[in-house]
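**Student:** Starting off with a structure, shown below.
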Amino acid sequence: MTWINYPEELTATLDSLAGRLLDRARTEGLVHGVVTWGDLLPLMCGIAFAANVHSEDRSARLESGRRYLGVMLQGMRG
């Protein structure tokens, strides 16, 4: 393994594990069946971006990020 490939391997591992976790949640009826990892990844990136531009205050960013994440998770369970 070289340093150049390391981020790609981490991304592949994250994709695999997150996909398996989402499949388990779907099987248990905790997440709508139409939700995919391909949907969640850009949503989570969007939440992180939105929380970071919300405020210069760290605690305000964390609060916003938690609120945005809660909205997304609630929608997935809907």
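Chain lettering (A, B, ...) mirrors the order of the structure tokens, residue numbering begins at 1 for each chain separately, and ligand numbering begins at 1 in order of display.
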Tell me, as a ChimeraX atom specification, which residues lie within 9 Å of region 35-48 of chain A, counting only C-alpha atoms; anything in the same chain fewer than 5 positions away does not count.

**Tutor:** /A:15,18-19,22-23,26,53,64-66,68-69,72,76

**Student:** Mind dumping the selected residues with all heavy atoms as a CSV table (one decimal), in the first residue's frame?

**Tutor:**
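The file below, selection32.csv, is the result:
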```csv
chain,number,residue,atom,x,y,z
A,15,ASP,N,-17.2,3.4,2.1
A,15,ASP,CA,-18.4,3.1,1.3
A,15,ASP,C,-19.0,1.7,1.6
A,15,ASP,O,-20.2,1.5,1.7
A,15,ASP,CB,-18.0,3.1,-0.2
A,15,ASP,CG,-17.8,4.5,-0.7
A,15,ASP,OD1,-18.2,5.5,0.0
A,15,ASP,OD2,-17.3,4.7,-1.8
A,18,ALA,N,-20.5,1.7,5.3
A,18,ALA,CA,-21.7,2.5,5.4
A,18,ALA,C,-22.8,1.9,4.6
A,18,ALA,O,-24.0,1.9,5.0
A,18,ALA,CB,-21.4,3.9,4.8
A,19,GLY,N,-22.5,1.3,3.5
A,19,GLY,CA,-23.5,0.5,2.7
A,19,GLY,C,-24.1,-0.6,3.5
A,19,GLY,O,-25.3,-0.8,3.5
A,22,LEU,N,-26.3,0.8,6.3
A,22,LEU,CA,-27.6,1.2,5.7
A,22,LEU,C,-28.5,0.0,5.3
A,22,LEU,O,-29.7,0.1,5.6
A,22,LEU,CB,-27.3,2.1,4.5
A,22,LEU,CG,-28.5,2.7,3.8
A,22,LEU,CD1,-29.3,3.6,4.8
A,22,LEU,CD2,-28.1,3.5,2.6
A,23,ASP,N,-27.9,-1.0,4.8
A,23,ASP,CA,-28.7,-2.2,4.5
A,23,ASP,C,-29.3,-2.8,5.7
A,23,ASP,O,-30.5,-3.2,5.7
A,23,ASP,CB,-27.8,-3.3,3.8
A,23,ASP,CG,-27.4,-2.9,2.3
A,23,ASP,OD1,-28.1,-2.0,1.8
A,23,ASP,OD2,-26.5,-3.5,1.8
A,26,ARG,N,-32.2,-0.6,6.8
A,26,ARG,CA,-33.3,-0.8,5.9
A,26,ARG,C,-34.0,-2.1,6.2
A,26,ARG,O,-35.2,-2.2,6.3
A,26,ARG,CB,-32.8,-0.8,4.5
A,26,ARG,CG,-33.8,-0.3,3.5
A,26,ARG,CD,-33.2,-0.3,2.1
A,26,ARG,NE,-32.2,0.7,1.8
A,26,ARG,CZ,-30.9,0.4,1.5
A,26,ARG,NH1,-30.6,-0.9,1.3
A,26,ARG,NH2,-30.1,1.3,1.3
A,53,VAL,N,-20.5,27.1,7.4
A,53,VAL,CA,-20.7,28.5,6.9
A,53,VAL,C,-21.8,29.2,7.8
A,53,VAL,O,-22.0,30.4,7.6
A,53,VAL,CB,-21.2,28.6,5.4
A,53,VAL,CG1,-20.1,28.0,4.5
A,53,VAL,CG2,-22.5,27.9,5.2
A,64,SER,N,-25.8,23.8,14.9
A,64,SER,CA,-26.5,23.8,13.5
A,64,SER,C,-26.3,22.4,12.9
A,64,SER,O,-27.2,21.9,12.3
A,64,SER,CB,-25.9,24.9,12.6
A,64,SER,OG,-26.2,26.1,13.1
A,65,GLY,N,-25.0,21.9,12.9
A,65,GLY,CA,-24.8,20.6,12.3
A,65,GLY,C,-25.6,19.5,12.9
A,65,GLY,O,-26.2,18.7,12.2
A,66,ARG,N,-25.8,19.5,14.2
A,66,ARG,CA,-26.6,18.5,14.9
A,66,ARG,C,-28.1,18.7,14.5
A,66,ARG,O,-28.8,17.7,14.2
A,66,ARG,CB,-26.5,18.6,16.4
A,66,ARG,CG,-25.2,18.1,16.9
A,66,ARG,CD,-25.2,18.1,18.5
A,66,ARG,NE,-23.9,17.7,18.9
A,66,ARG,CZ,-23.0,18.6,19.5
A,66,ARG,NH1,-23.3,19.8,19.7
A,66,ARG,NH2,-21.8,18.1,19.9
A,68,TYR,N,-29.2,20.1,11.6
A,68,TYR,CA,-29.4,19.6,10.2
A,68,TYR,C,-29.3,18.1,10.1
A,68,TYR,O,-30.1,17.5,9.3
A,68,TYR,CB,-28.3,20.3,9.4
A,68,TYR,CG,-28.2,21.8,9.4
A,68,TYR,CD1,-27.0,22.4,9.1
A,68,TYR,CD2,-29.3,22.5,9.6
A,68,TYR,CE1,-26.9,23.8,9.1
A,68,TYR,CE2,-29.2,23.9,9.6
A,68,TYR,CZ,-28.0,24.6,9.4
A,68,TYR,OH,-28.0,25.9,9.4
A,69,LEU,N,-28.4,17.5,10.8
A,69,LEU,CA,-28.3,16.0,10.8
A,69,LEU,C,-29.6,15.4,11.3
A,69,LEU,O,-30.1,14.4,10.8
A,69,LEU,CB,-27.1,15.6,11.6
A,69,LEU,CG,-26.9,14.1,11.6
A,69,LEU,CD1,-26.6,13.5,10.2
A,69,LEU,CD2,-25.7,13.7,12.5
A,72,MET,N,-32.2,15.5,8.6
A,72,MET,CA,-32.0,14.5,7.6
A,72,MET,C,-32.4,13.1,8.1
A,72,MET,O,-33.0,12.3,7.4
A,72,MET,CB,-30.5,14.5,7.2
A,72,MET,CG,-30.2,13.5,6.1
A,72,MET,SD,-28.5,13.3,5.7
A,72,MET,CE,-28.0,12.1,6.9
A,76,MET,N,-35.3,10.4,6.8
A,76,MET,CA,-35.0,9.0,6.4
A,76,MET,C,-35.9,8.0,7.1
A,76,MET,O,-36.3,7.0,6.5
A,76,MET,CB,-33.5,8.7,6.7
A,76,MET,CG,-32.5,9.4,5.9
A,76,MET,SD,-30.8,9.1,6.4
A,76,MET,CE,-30.7,7.3,6.5
```

**Student:** Run DSSP on the backbone and give me the residues of chain A it puts in helix (DSSP H, G or I), as number ranges by chain.

**Tutor:** A: 6-27, 37-54, 58-77

**Student:** So, with only C-alpha atoms as the atoms that count, which of A:Leu30, A:Arg20, A:Glu9, A:Ser55 lies closest to Gly75 (chain A)?

**Tutor:**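 Among A:Leu30, A:Arg20, A:Glu9, A:Ser55, it is A:Leu30 that comes nearest to Gly75 (chain A).
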
**Student:** Separation of CA of Arg77 (chain A) and CA of Val34 (chain A), in Å?

**Tutor:**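 About the pair CA of Arg77 (chain A) and CA of Val34 (chain A): they are 11.0 Å apart.
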
**Student:** Using only C-alpha atoms, which of the listed residues (A:Ala25, A:Gly33, A:Pro7, A:Ala50) sits closest to Arg67 (chain A)?

**Tutor:**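 Among A:Ala25, A:Gly33, A:Pro7, A:Ala50, it is A:Ala50 that comes nearest to Arg67 (chain A).
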
**Student:** Quick one: pull the distance between CA of Gly70 (chain A) and CA of Glu56 (chain A), Å, one decimal.

**Tutor:**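 Separation of CA of Gly70 (chain A) and CA of Glu56 (chain A): 21.2 Å.
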
**Student:** Take CA of Ala51 (chain A) and CA of Val71 (chain A) and report the distance between them in Å, one decimal.

**Tutor:**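 About the pair CA of Ala51 (chain A) and CA of Val71 (chain A): they are 13.0 Å apart.
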
**Student:** Using only C-alpha atoms, find the one residue out of A:Leu14, A:Leu62, A:Leu73, A:Leu21 that sits nearest to Phe49 (chain A).

**Tutor:**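 Of the candidates, the smallest distance to Phe49 (chain A) is held by A:Leu62.
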